[in-house]
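Participant: Contents of upload-v1.cif (mmCIF, C-alpha atoms):
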data_start
loop_
_atom_site.label_atom_id
_atom_site.label_comp_id
_atom_site.auth_asym_id
_atom_site.auth_seq_id
_atom_site.Cartn_x
_atom_site.Cartn_y
_atom_site.Cartn_z
CA MET A 13 0.00 0.00 0.00
CA LYS A 14 1.38 3.37 -1.01
CA PHE A 15 1.01 6.73 0.77
CA ILE A 16 2.17 10.28 0.08
CA HIS A 17 3.29 11.81 3.38
CA LEU A 18 3.01 15.61 3.70
CA SER A 19 3.02 17.99 6.65
CA ASP A 20 3.36 21.62 7.74
CA LEU A 21 1.70 23.29 4.77
CA HIS A 22 1.36 26.49 6.86
CA LEU A 23 -1.19 27.86 4.40
CA GLY A 24 -1.52 31.64 4.65
CA LYS A 25 2.00 32.10 6.02
CA ARG A 26 3.92 35.34 5.56
CA VAL A 27 7.73 35.30 5.53
CA ASN A 28 9.43 38.64 6.22
CA GLU A 29 6.10 40.29 5.33
CA PHE A 30 5.93 38.50 1.96
CA SER A 31 2.73 36.50 1.42
CA MET A 32 3.51 32.90 0.47
CA LEU A 33 -0.02 32.17 -0.79
CA GLU A 34 0.82 32.11 -4.51
CA ASP A 35 3.90 29.98 -3.84
CA GLN A 36 1.74 27.59 -1.80
CA LYS A 37 -0.86 27.39 -4.56
CA TYR A 38 1.92 26.56 -7.02
CA ILE A 39 3.50 23.86 -4.85
CA LEU A 40 0.14 22.20 -4.10
CA THR A 41 -0.39 21.91 -7.85
CA GLU A 42 3.06 20.30 -8.12
CA ILE A 43 2.03 17.82 -5.40
CA ILE A 44 -1.14 16.95 -7.33
CA ASN A 45 1.08 16.27 -10.36
CA ILE A 46 3.22 13.91 -8.25
CA ILE A 47 0.07 12.15 -7.07
CA ASP A 48 -0.99 11.71 -10.70
CA ASP A 49 2.37 10.06 -11.42
CA GLU A 50 2.62 7.93 -8.28
CA GLN A 51 -1.02 6.81 -7.99
CA PRO A 52 -0.93 6.33 -4.20
CA ASP A 53 -3.69 4.75 -2.16
CA GLY A 54 -3.71 7.57 0.36
CA VAL A 55 -2.33 10.99 1.33
CA ILE A 56 -1.23 11.89 4.86
CA ILE A 57 -1.12 15.51 6.08
CA ALA A 58 0.55 15.44 9.50
CA GLY A 59 -0.56 18.76 10.97
CA ASP A 60 -0.03 22.52 10.67
CA VAL A 61 -2.38 22.78 7.74
CA TYR A 62 -2.61 26.52 8.43
CA ASP A 63 -0.11 28.97 9.85
CA LYS A 64 -2.61 30.46 12.30
CA SER A 65 -5.38 29.06 14.45
CA VAL A 66 -7.74 31.51 12.72
CA PRO A 67 -6.65 31.25 9.07
CA SER A 68 -7.42 33.79 6.39
CA ALA A 69 -10.29 33.22 3.96
CA GLU A 70 -7.73 32.85 1.15
CA ALA A 71 -5.87 30.10 3.03
CA VAL A 72 -9.11 28.21 3.74
CA SER A 73 -10.16 28.50 0.10
CA LEU A 74 -6.78 27.17 -1.06
CA PHE A 75 -7.00 24.14 1.23
CA ASP A 76 -10.60 23.50 0.19
CA ASP A 77 -9.50 23.42 -3.45
CA PHE A 78 -6.66 21.02 -2.61
CA LEU A 79 -9.01 18.65 -0.74
CA CYS A 80 -11.49 18.68 -3.61
CA LYS A 81 -8.73 17.62 -6.02
CA LEU A 82 -7.63 14.82 -3.67
CA SER A 83 -11.22 13.61 -3.37
CA GLU A 84 -11.63 13.68 -7.17
CA HIS A 85 -8.64 11.33 -7.40
CA GLY A 86 -10.51 8.80 -5.27
CA LEU A 87 -7.84 8.92 -2.54
CA GLN A 88 -8.15 8.32 1.17
CA THR A 89 -6.77 11.44 2.84
CA PHE A 90 -5.75 11.60 6.52
CA ILE A 91 -5.44 14.99 8.22
CA ILE A 92 -4.56 15.92 11.80
CA SER A 93 -4.26 19.30 13.49
CA GLY A 94 -0.84 20.65 14.47
CA ASN A 95 0.26 23.17 17.07
CA HIS A 96 -0.50 26.07 14.67
CA ASP A 97 -4.02 24.83 13.96
CA SER A 98 -7.27 25.13 15.85
CA PRO A 99 -8.34 21.48 16.45
CA GLU A 100 -12.00 22.52 16.47
CA ARG A 101 -11.77 24.40 13.17
CA ILE A 102 -9.78 21.63 11.48
CA ALA A 103 -12.30 19.02 12.65
CA PHE A 104 -15.35 20.96 11.40
CA GLY A 105 -17.39 18.83 8.98
CA SER A 106 -15.11 15.80 9.43
CA ARG A 107 -17.97 13.29 9.76
CA LEU A 108 -19.54 14.53 6.53
CA MET A 109 -16.23 14.55 4.64
CA SER A 110 -15.25 11.01 5.66
CA SER A 111 -17.76 9.67 3.11
CA SER A 112 -15.66 11.44 0.42
CA GLY A 113 -12.46 9.83 1.66
CA ILE A 114 -11.31 12.87 3.69
CA HIS A 115 -10.57 11.70 7.24
CA ILE A 116 -9.84 14.42 9.80
CA SER A 117 -8.83 13.86 13.42
CA PRO A 118 -11.42 15.09 15.90
CA VAL A 119 -10.49 17.10 18.97
CA TYR A 120 -8.55 14.70 21.19
CA ASP A 121 -10.79 13.03 23.78
CA GLY A 122 -8.73 9.92 24.55
CA ASN A 123 -10.43 7.77 21.90
CA ILE A 124 -8.56 7.12 18.66
CA THR A 125 -10.47 4.97 16.20
CA PRO A 126 -8.29 3.91 13.26
CA VAL A 127 -9.29 4.01 9.62
CA SER A 128 -8.62 0.62 8.02
CA MET A 129 -7.62 -0.08 4.42
CA ASN A 130 -7.04 -3.42 2.71
CA ASP A 131 -4.68 -4.69 0.01
CA ILE A 132 -3.30 -8.08 -1.06
CA TYR A 133 -1.18 -8.25 2.12
CA GLY A 134 -4.07 -7.67 4.51
CA THR A 135 -5.18 -4.65 6.52
CA VAL A 136 -3.43 -1.35 7.27
CA HIS A 137 -4.75 0.63 10.24
CA ILE A 138 -4.17 4.39 10.25
CA TYR A 139 -4.31 6.09 13.67
CA MET A 140 -4.63 9.88 13.72
CA LEU A 141 -3.31 11.57 16.86
CA PRO A 142 -3.40 15.39 16.66
CA PHE A 143 -0.91 17.62 18.46
CA ILE A 144 -1.36 17.15 22.18
CA LYS A 145 0.31 18.45 25.32
CA PRO A 146 0.64 16.62 28.65
CA VAL A 147 -2.12 18.80 30.11
CA HIS A 148 -4.57 17.46 27.50
CA VAL A 149 -3.80 13.86 28.44
CA ARG A 150 -3.88 14.53 32.20
CA SER A 151 -7.36 16.04 31.91
CA ILE A 152 -8.64 12.80 30.33
CA PHE A 153 -6.54 10.24 32.21
CA PRO A 154 -5.83 11.93 35.57
CA GLU A 155 -4.67 8.69 37.21
CA GLU A 156 -2.07 7.86 34.55
CA PRO A 157 1.46 9.29 34.01
CA ALA A 158 1.51 12.34 31.73
CA GLU A 159 3.96 14.82 33.23
CA SER A 160 6.32 14.86 30.25
CA TYR A 161 5.54 14.74 26.54
CA THR A 162 6.96 11.20 26.38
CA GLU A 163 4.68 10.04 29.20
CA ALA A 164 1.70 11.79 27.63
CA LEU A 165 2.26 10.12 24.24
CA ASN A 166 2.82 6.76 25.93
CA THR A 167 -0.45 7.09 27.80
CA ALA A 168 -2.36 8.19 24.68
CA ILE A 169 -0.98 5.28 22.63
CA SER A 170 -1.64 2.76 25.40
CA HIS A 171 -5.36 3.50 24.98
CA MET A 172 -5.31 2.62 21.27
CA ASP A 173 -6.43 -0.91 20.51
CA ILE A 174 -3.43 -1.86 18.33
CA ASN A 175 -3.22 -5.27 16.66
CA GLU A 176 0.55 -5.66 16.26
CA THR A 177 0.18 -8.66 13.96
CA GLU A 178 -1.20 -6.32 11.30
CA ARG A 179 0.31 -3.18 9.76
CA ASN A 180 -0.20 0.06 11.66
CA ILE A 181 0.52 3.70 10.80
CA LEU A 182 0.47 6.57 13.28
CA VAL A 183 -0.01 10.14 12.08
CA THR A 184 1.03 12.65 14.73
CA HIS A 185 2.57 16.08 15.25
CA GLN A 186 5.30 16.24 17.90
CA PHE A 187 9.00 16.93 18.37
CA VAL A 188 10.88 13.63 18.54
CA THR A 189 14.25 13.65 20.28
CA GLY A 190 17.12 13.83 17.82
CA ALA A 191 15.36 15.79 15.07
CA ALA A 192 17.18 18.78 13.55
CA ARG A 193 15.18 21.97 13.91
CA SER A 194 14.93 25.23 11.93
CA ASP A 195 14.36 28.87 12.92
CA SER A 196 10.80 28.84 11.58
CA GLU A 197 9.59 26.30 14.16
CA GLU A 198 8.29 26.99 17.66
CA ILE A 199 10.87 25.80 20.18
CA SER A 200 10.21 24.98 23.83
CA VAL A 201 12.82 26.05 26.35
CA GLY A 202 15.19 23.26 27.33
CA GLY A 203 13.65 20.73 24.95
CA SER A 204 10.72 20.18 27.32
CA ASP A 205 8.55 19.05 24.37
CA ASN A 206 10.84 16.15 23.42
CA VAL A 207 9.26 12.75 22.75
CA ASP A 208 11.37 9.60 22.90
CA PRO A 209 11.20 7.68 19.57
CA ASP A 210 10.67 4.39 21.47
CA VAL A 211 7.11 5.61 22.10
CA PHE A 212 6.27 4.65 18.50
CA SER A 213 7.61 1.08 18.61
CA LYS A 214 4.19 -0.50 17.95
CA PHE A 215 3.81 1.18 14.57
CA ASP A 216 5.16 0.07 11.22
CA TYR A 217 5.40 3.71 10.15
CA THR A 218 5.02 6.96 12.10
CA ALA A 219 4.19 9.92 9.84
CA LEU A 220 5.37 13.00 11.71
CA GLY A 221 4.74 16.69 11.35
CA HIS A 222 6.18 19.72 13.21
CA ILE A 223 9.83 19.77 12.03
CA HIS A 224 10.50 21.53 8.73
CA ARG A 225 13.53 19.55 7.49
CA PRO A 226 12.68 16.14 5.93
CA GLN A 227 14.42 13.47 8.02
CA ASN A 228 14.21 10.11 9.72
CA VAL A 229 14.41 9.99 13.50
CA GLY A 230 15.40 6.80 15.29
CA GLY A 231 14.98 4.69 12.15
CA GLU A 232 13.49 4.77 8.68
CA ASN A 233 9.98 4.06 9.97
CA ILE A 234 9.78 7.29 12.04
CA ARG A 235 9.90 10.22 9.66
CA TYR A 236 9.25 13.92 9.19
CA SER A 237 8.26 14.79 5.63
CA GLY A 238 9.14 18.45 6.22
CA THR A 239 7.51 21.52 4.74
CA PRO A 240 6.80 21.69 1.01
CA LEU A 241 8.36 25.19 0.94
CA LYS A 242 11.19 27.00 2.71
CA TYR A 243 9.84 29.27 5.44
CA SER A 244 13.04 30.82 6.82
CA PHE A 245 16.58 31.46 5.62
CA SER A 246 17.77 28.79 8.05
CA GLU A 247 16.14 26.41 5.53
CA ALA A 248 17.90 27.92 2.50
CA GLY A 249 20.10 24.85 2.14
CA HIS A 250 17.26 22.34 2.62
CA ARG A 251 15.99 20.15 -0.17
CA LYS A 252 12.20 20.09 0.04
CA SER A 253 10.28 17.00 -1.00
CA VAL A 254 7.28 14.78 -0.50
CA THR A 255 7.78 11.41 1.14
CA VAL A 256 6.49 8.28 -0.59
CA VAL A 257 5.81 5.38 1.81
CA GLU A 258 5.13 1.84 0.61
CA LEU A 259 4.13 -1.02 2.90
CA ALA A 260 4.15 -4.54 1.51
CA GLU A 261 3.83 -7.53 3.86
CA LYS A 262 4.24 -6.94 7.61
CA GLY A 263 7.80 -5.77 8.27
CA SER A 264 8.45 -4.60 4.70
CA LEU A 265 8.72 -0.83 4.34
CA THR A 266 10.12 1.38 1.57
CA VAL A 267 10.54 5.13 2.01
CA ARG A 268 11.75 7.53 -0.69
CA GLU A 269 11.69 11.24 -1.50
CA ILE A 270 10.44 13.10 -4.55
CA PRO A 271 11.97 16.60 -4.79
CA LEU A 272 9.75 19.67 -4.92
CA ILE A 273 10.90 22.59 -7.09
CA PRO A 274 9.41 25.87 -5.83
CA ARG A 275 8.15 28.84 -7.81
CA HIS A 276 10.76 30.97 -6.03
CA ASP A 277 13.71 29.46 -4.19
CA MET A 278 15.17 31.01 -1.02
CA ARG A 279 18.84 31.98 -1.19
CA GLU A 280 21.50 33.96 0.66
CA ILE A 281 24.09 36.08 -1.12
CA LYS A 282 26.99 38.04 0.37
CA GLY A 283 29.43 40.68 -0.85
CA THR A 284 29.95 44.40 -1.29
CA TYR A 285 27.24 46.52 -2.85
CA MET A 286 29.34 46.93 -6.00
CA GLU A 287 29.93 43.18 -6.25
CA LEU A 288 26.25 42.24 -5.87
CA THR A 289 25.07 44.87 -8.35
CA ALA A 290 27.66 43.99 -10.99
CA LYS A 291 26.03 42.60 -14.12
CA SER A 292 28.59 39.80 -14.25
CA PHE A 293 27.30 38.63 -10.82
CA TYR A 294 23.53 38.97 -11.10
CA GLU A 295 23.38 37.50 -14.61
CA ARG A 296 24.59 34.23 -13.06
CA THR A 297 21.89 34.10 -10.39
CA ALA A 298 18.10 33.72 -10.29
CA THR A 299 17.25 37.30 -9.35
CA ASP A 300 13.53 36.60 -8.74
CA ASP A 301 14.26 34.17 -5.86
CA TYR A 302 13.61 35.19 -2.26
CA ILE A 303 16.92 36.75 -1.27
CA HIS A 304 18.78 37.49 1.96
CA VAL A 305 21.57 39.96 1.19
CA THR A 306 24.53 40.44 3.50
CA LEU A 307 26.57 43.50 2.55
CA THR A 308 30.23 43.59 3.55
CA ASP A 309 30.74 47.32 2.94
CA GLU A 310 32.26 49.16 5.90
CA GLU A 311 29.93 52.12 5.35
CA ASP A 312 26.14 51.77 5.17
CA ILE A 313 24.71 52.12 1.67
CA PRO A 314 21.96 54.82 1.66
CA ASP A 315 18.55 53.37 0.72
CA ALA A 316 20.20 50.01 0.00
CA VAL A 317 16.96 47.98 0.07
CA SER A 318 15.24 50.07 -2.61
CA LYS A 319 18.33 50.11 -4.78
CA LEU A 320 18.91 46.36 -4.52
CA ARG A 321 15.26 45.57 -5.25
CA VAL A 322 15.72 46.99 -8.73
CA ILE A 323 17.83 43.88 -9.38
CA TYR A 324 16.44 41.53 -6.72
CA PRO A 325 12.68 42.30 -6.57
CA ASN A 326 12.04 39.65 -3.89
CA LEU A 327 14.71 40.88 -1.50
CA MET A 328 13.38 39.78 1.90
CA LYS A 329 16.20 40.63 4.28
CA LEU A 330 19.27 42.88 4.36
CA ASP A 331 22.05 43.03 6.92
CA TYR A 332 25.73 43.92 7.16
CA ASP A 333 28.82 41.92 8.01
CA ASN A 334 31.73 44.29 8.66
CA ARG A 335 34.03 45.46 11.41
CA ARG A 336 31.27 47.48 13.00
CA THR A 337 28.72 44.63 13.18
CA ARG A 338 31.34 42.12 14.33
CA ASN A 339 32.67 44.43 17.03
CA THR A 340 31.62 43.37 20.52
CA THR A 341 33.99 45.61 22.48
CA GLN A 342 32.54 46.97 25.70
CA ILE A 343 33.20 50.54 26.81
CA ASP A 344 35.84 50.60 29.58
CA PHE A 345 35.37 53.24 32.26
CA SER A 346 38.40 52.14 34.29
CA GLU A 347 40.23 55.38 33.43
CA ALA A 348 38.59 58.56 34.74
CA ILE A 349 36.82 60.27 31.87
CA GLU A 350 37.77 63.63 33.35
CA GLN A 351 41.35 62.98 32.20
CA LYS A 352 40.33 62.75 28.54
CA SER A 353 39.34 65.49 26.14
CA PRO A 354 35.95 65.43 24.38
CA ILE A 355 37.62 64.64 21.06
CA GLU A 356 39.47 61.68 22.66
CA LEU A 357 36.25 60.35 24.15
CA PHE A 358 34.39 60.67 20.88
CA SER A 359 37.23 59.06 18.95
CA GLU A 360 37.21 56.05 21.30
CA PHE A 361 33.42 55.77 21.03
CA TYR A 362 33.58 55.92 17.23
CA GLU A 363 36.24 53.19 17.13
CA MET A 364 34.22 50.93 19.43
CA GLN A 365 31.05 51.51 17.44
CA ASN A 366 32.56 51.09 13.97
CA GLY A 367 35.60 48.91 14.47
CA GLN A 368 37.90 51.48 12.88
CA LEU A 369 39.50 54.86 13.53
CA MET A 370 38.10 58.11 12.19
CA ASN A 371 39.88 59.44 9.14
CA SER A 372 41.47 62.91 9.12
CA GLU A 373 38.44 64.55 7.53
CA GLN A 374 36.07 63.11 10.14
CA SER A 375 38.43 64.08 12.98
CA GLU A 376 38.64 67.69 11.73
CA PHE A 377 34.83 67.89 11.42
CA ILE A 378 34.22 66.54 14.94
CA GLU A 379 36.90 68.76 16.46
CA GLU A 380 35.36 71.84 14.85
CA LEU A 381 31.86 70.75 15.96
CA ILE A 382 32.97 70.23 19.56
CA LYS A 383 34.62 73.70 19.61
CA LYS A 384 31.38 75.30 18.43
CA ILE A 385 29.37 73.46 21.09
CA TRP A 386 31.84 74.42 23.84
CA ASN A 387 31.78 78.06 22.71
CA GLY A 388 27.97 78.09 22.61
CA GLU A 389 27.83 78.70 18.86
CA LYS A 390 24.81 77.74 16.77
#
Re-express the file's structure as structure tokens.

Facilitator:
Amino acid sequence: MKFIHLSDLHLGKRVNEFSMLEDQKYILTEIINIIDDEQPDGVIIAGDVYDKSVPSAEAVSLFDDFLCKLSEHGLQTFIISGNHDSPERIAFGSRLMSSSGIHISPVYDGNITPVSMNDIYGTVHIYMLPFIKPVHVRSIFPEEPAESYTEALNTAISHMDINETERNILVTHQFVTGAARSDSEEISVGGSDNVDPDVFSKFDYTALGHIHRPQNVGGENIRYSGTPLKYSFSEAGHRKSVTVVELAEKGSLTVREIPLIPRHDMREIKGTYMELTAKSFYERTATDDYIHVTLTDEEDIPDAVSKLRVIYPNLMKLDYDNRRTRNTTQIDFSEAIEQKSPIELFSEFYEMQNGQLMNSEQSEFIEELIKKIWNGEK
């Protein structure tokens, strides 16, 4: 039995104030094309369908269109809510949609009823466990251990009626210990949201959401599919993909990736203003990608963002890497300031702030300015 594993669509997301909606529409169409080629039996969406608990009308419309296309393909689709979603909003209409092959996890109440599918090797049971916190589990099972995320997941899974002689898939949205994170994910202090991968030992495949880099954790059968698009420059080097999961007889699992090519990639470029605006440089790069520019000029370039956007229209972020930005020197008041002249004090401040000495022209200007101030001139 074959499944396409997706997660973390984050529909409606904005990155550095750029709407990603058109990029998301494009990549969902690419995913439909992959589904046409692969002809899977089902599609898994492991949480964070939307970027906000109250999504925009445009985001809802986009997801509705995607679900309609999946239903038209005659697929069984399995959707859970993630930490960015509202479980109640995601679950709305789930009982009606199940007749169209769209299965959505209800708000967690301690009861997880699997959806079962059959092939020549027998039955596959798909369990949908939405994002939960220990407090959710404690409120339902107050007498059972659920202080940590690992204990909470253990308790939740222990109440699933799992037949381990048959094939079982868990769809859930948690942070599993050992996964590599990105800047665009919500991080709990001290790793308090970690879940031990041994929790999922009863399942033939655990389809995870929450982490944006595609990766296996604790074995090939516990996997994050990652986001279909890059949502921060910490992901600039990631290779986005969909995960294809195939289960044959019990114990036989094949997992592979199909790359996703975005409408606009996300890249970082670095150099002086003159280097990055040279025709010989920008002719060799995709200038319509989402760009993070790091300028190495020692002096700030006036109105640099507007100027650079003439060449790089999707410039998202601009910063500097020079002696001034690298300087971490702290001001030392060990020597009495009364013993230093105003020009000496200003010169030291300028050097600490900019990582370099003032030139002769700057020194003459400041000295003349200080004289005027001291003499009360306007």

Participant: For Gly113 in chain A, find every residue with an atom within 7 Å (counting all atoms listed in the file), except residues of its own chain fewer than 2 positions away, and show them as number ranges by chain.

Facilitator: A: 83, 87-89, 109-111, 115

Participant: Considering all atoms listed in the file, return as number ranges by chain whatever protein or nucleic-acid residues lie within 6 Å of range 278-291 of chain A, sequence-local ones (same chain, fewer than 5 positions apart) excluded.

Facilitator: A: 248, 301-309

Participant: Would you export the selected residues with C-alpha atoms as a short mmCIF file (atom, residue, chain, number, x, y, z; two decimals), in the frame of the given file, please?

Facilitator:
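This went into out.cif:
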data_model
loop_
_atom_site.label_atom_id
_atom_site.label_comp_id
_atom_site.auth_asym_id
_atom_site.auth_seq_id
_atom_site.Cartn_x
_atom_site.Cartn_y
_atom_site.Cartn_z
CA ALA A 248 17.90 27.92 2.50
CA ASP A 301 14.26 34.17 -5.86
CA TYR A 302 13.61 35.19 -2.26
CA ILE A 303 16.92 36.75 -1.27
CA HIS A 304 18.78 37.49 1.96
CA VAL A 305 21.57 39.96 1.19
CA THR A 306 24.53 40.44 3.50
CA LEU A 307 26.57 43.50 2.55
CA THR A 308 30.23 43.59 3.55
CA ASP A 309 30.74 47.32 2.94
#

Participant: (-7.5, 6.3, 9.5) in this file's frame - what residues fall within 8 Å of it? Use all atoms listed in the file and give the answer as a list in words.

Facilitator: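 Answer for this query, in the requested form: Phe90, His115, Thr125, Pro126, Val127, Ser128, His137, Ile138, Tyr139 and Met140 of chain A.
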
Participant: List, as a ChimeraX atom specification, every residue that the PyMOL selection byres ((chain A and resi 182-198) around 7) selects in the file provided.

Facilitator: /A:58-59,94,138-143,180-181,199-200,205-209,215,217-224,229,243-244,246-247

Participant: Take the residues from that selection and write them out as a PDB file, in the coordinates of the input, keeping C-alpha atoms.

Facilitator:
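Written output follows (result-v7.pdb):
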ATOM      1  CA  ALA A  58       0.550  15.440   9.500  1.00  0.00           C
ATOM      2  CA  GLY A  59      -0.560  18.760  10.970  1.00  0.00           C
ATOM      3  CA  GLY A  94      -0.840  20.650  14.470  1.00  0.00           C
ATOM      4  CA  ILE A 138      -4.170   4.390  10.250  1.00  0.00           C
ATOM      5  CA  TYR A 139      -4.310   6.090  13.670  1.00  0.00           C
ATOM      6  CA  MET A 140      -4.630   9.880  13.720  1.00  0.00           C
ATOM      7  CA  LEU A 141      -3.310  11.570  16.860  1.00  0.00           C
ATOM      8  CA  PRO A 142      -3.400  15.390  16.660  1.00  0.00           C
ATOM      9  CA  PHE A 143      -0.910  17.620  18.460  1.00  0.00           C
ATOM     10  CA  ASN A 180      -0.200   0.060  11.660  1.00  0.00           C
ATOM     11  CA  ILE A 181       0.520   3.700  10.800  1.00  0.00           C
ATOM     12  CA  ILE A 199      10.870  25.800  20.180  1.00  0.00           C
ATOM     13  CA  SER A 200      10.210  24.980  23.830  1.00  0.00           C
ATOM     14  CA  ASP A 205       8.550  19.050  24.370  1.00  0.00           C
ATOM     15  CA  ASN A 206      10.840  16.150  23.420  1.00  0.00           C
ATOM     16  CA  VAL A 207       9.260  12.750  22.750  1.00  0.00           C
ATOM     17  CA  ASP A 208      11.370   9.600  22.900  1.00  0.00           C
ATOM     18  CA  PRO A 209      11.200   7.680  19.570  1.00  0.00           C
ATOM     19  CA  PHE A 215       3.810   1.180  14.570  1.00  0.00           C
ATOM     20  CA  TYR A 217       5.400   3.710  10.150  1.00  0.00           C
ATOM     21  CA  THR A 218       5.020   6.960  12.100  1.00  0.00           C
ATOM     22  CA  ALA A 219       4.190   9.920   9.840  1.00  0.00           C
ATOM     23  CA  LEU A 220       5.370  13.000  11.710  1.00  0.00           C
ATOM     24  CA  GLY A 221       4.740  16.690  11.350  1.00  0.00           C
ATOM     25  CA  HIS A 222       6.180  19.720  13.210  1.00  0.00           C
ATOM     26  CA  ILE A 223       9.830  19.770  12.030  1.00  0.00           C
ATOM     27  CA  HIS A 224      10.500  21.530   8.730  1.00  0.00           C
ATOM     28  CA  VAL A 229      14.410   9.990  13.500  1.00  0.00           C
ATOM     29  CA  TYR A 243       9.840  29.270   5.440  1.00  0.00           C
ATOM     30  CA  SER A 244      13.040  30.820   6.820  1.00  0.00           C
ATOM     31  CA  SER A 246      17.770  28.790   8.050  1.00  0.00           C
ATOM     32  CA  GLU A 247      16.140  26.410   5.530  1.00  0.00           C
TER      33      GLU A 247
END

Participant: Please return as an NGL selection string every residue within 10 Å of (6.5, 24.1, 2.2), taking into account all atoms listed in the file and the file's own coordinates.

Facilitator: :A and (18-23 or 25 or 32 or 35-36 or 39-40 or 224-225 or 238-243 or 252-254 or 272 or 274)

Participant: Name the residues captured by the PyMOL selection byres ((chain A and resi 369) around 12) when it is applied to the shown file; answer as JSON, numbers by chain.

Facilitator: {"A": [310, 335, 336, 356, 358, 359, 360, 361, 362, 363, 364, 365, 366, 367, 368, 370, 371, 372, 373, 374, 375]}

Participant: Considering all atoms listed in the file, can you say which of A:Ile313, A:Ala69, A:Met172, A:Val257 comes closest to Gly54 in chain A?

Facilitator: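 Selected residue with least distance to Gly54 in chain A: A:Val257.
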
Participant: Given all atoms listed in the file as the basis, pick out the residue of A:Gly122, A:Pro52, A:Gly230, A:Pro157 nearest to His85 in chain A.

Facilitator: A:Pro52

Participant: What does the structure give for the distance between CA of Met328 in chain A and CA of Glu29 in chain A, in Å to one decimal?

Facilitator: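 Calculated distance between CA of Met328 in chain A and CA of Glu29 in chain A is 8.1 Å.
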
Participant: Report, in Å to a single decimal, how far apart CA of Asn334 in chain A and CA of Leu357 in chain A are.

Facilitator: 22.8 Å

Participant: For the atom pair CA of Arg101 in chain A and CA of His171 in chain A, what is the interatomic distance in Å to one decimal place?

Facilitator: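 Atom-to-atom, CA of Arg101 in chain A to CA of His171 in chain A, that is 24.8 Å.
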
Participant: Report as an MDAnalysis selection string the residues that result from applying the PyMOL selection byres ((chain A and resi 164) around 10) to the structure here.

Facilitator: chainID A and resid 144:150 153 156:163 165:170 207 211

Participant: Can you tell me, as a PyMOL selection string, what residues are no more than 9 Å from Gly24 in chain A when counting only C-alpha atoms, ignoring any on the same chain fewer than 3 positions away?

Facilitator: chain A and resi 21+31-33+36+62-64+67-72+74

Participant: Could you check which of A:Glu178, A:Asp97, A:Glu380, A:Asp131 is closest to Val66 in chain A, using only C-alpha atoms?

Facilitator: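 Closest candidate: A:Asp97.
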
Participant: Restricting the calculation to only C-alpha atoms, which member of A:Thr177, A:Ser93, A:Thr41, A:Ser318 is positioned closest to Thr135 in chain A?

Facilitator: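 Checking each of A:Thr177, A:Ser93, A:Thr41, A:Ser318 against Thr135 in chain A, counting only C-alpha atoms, the winner is A:Thr177.
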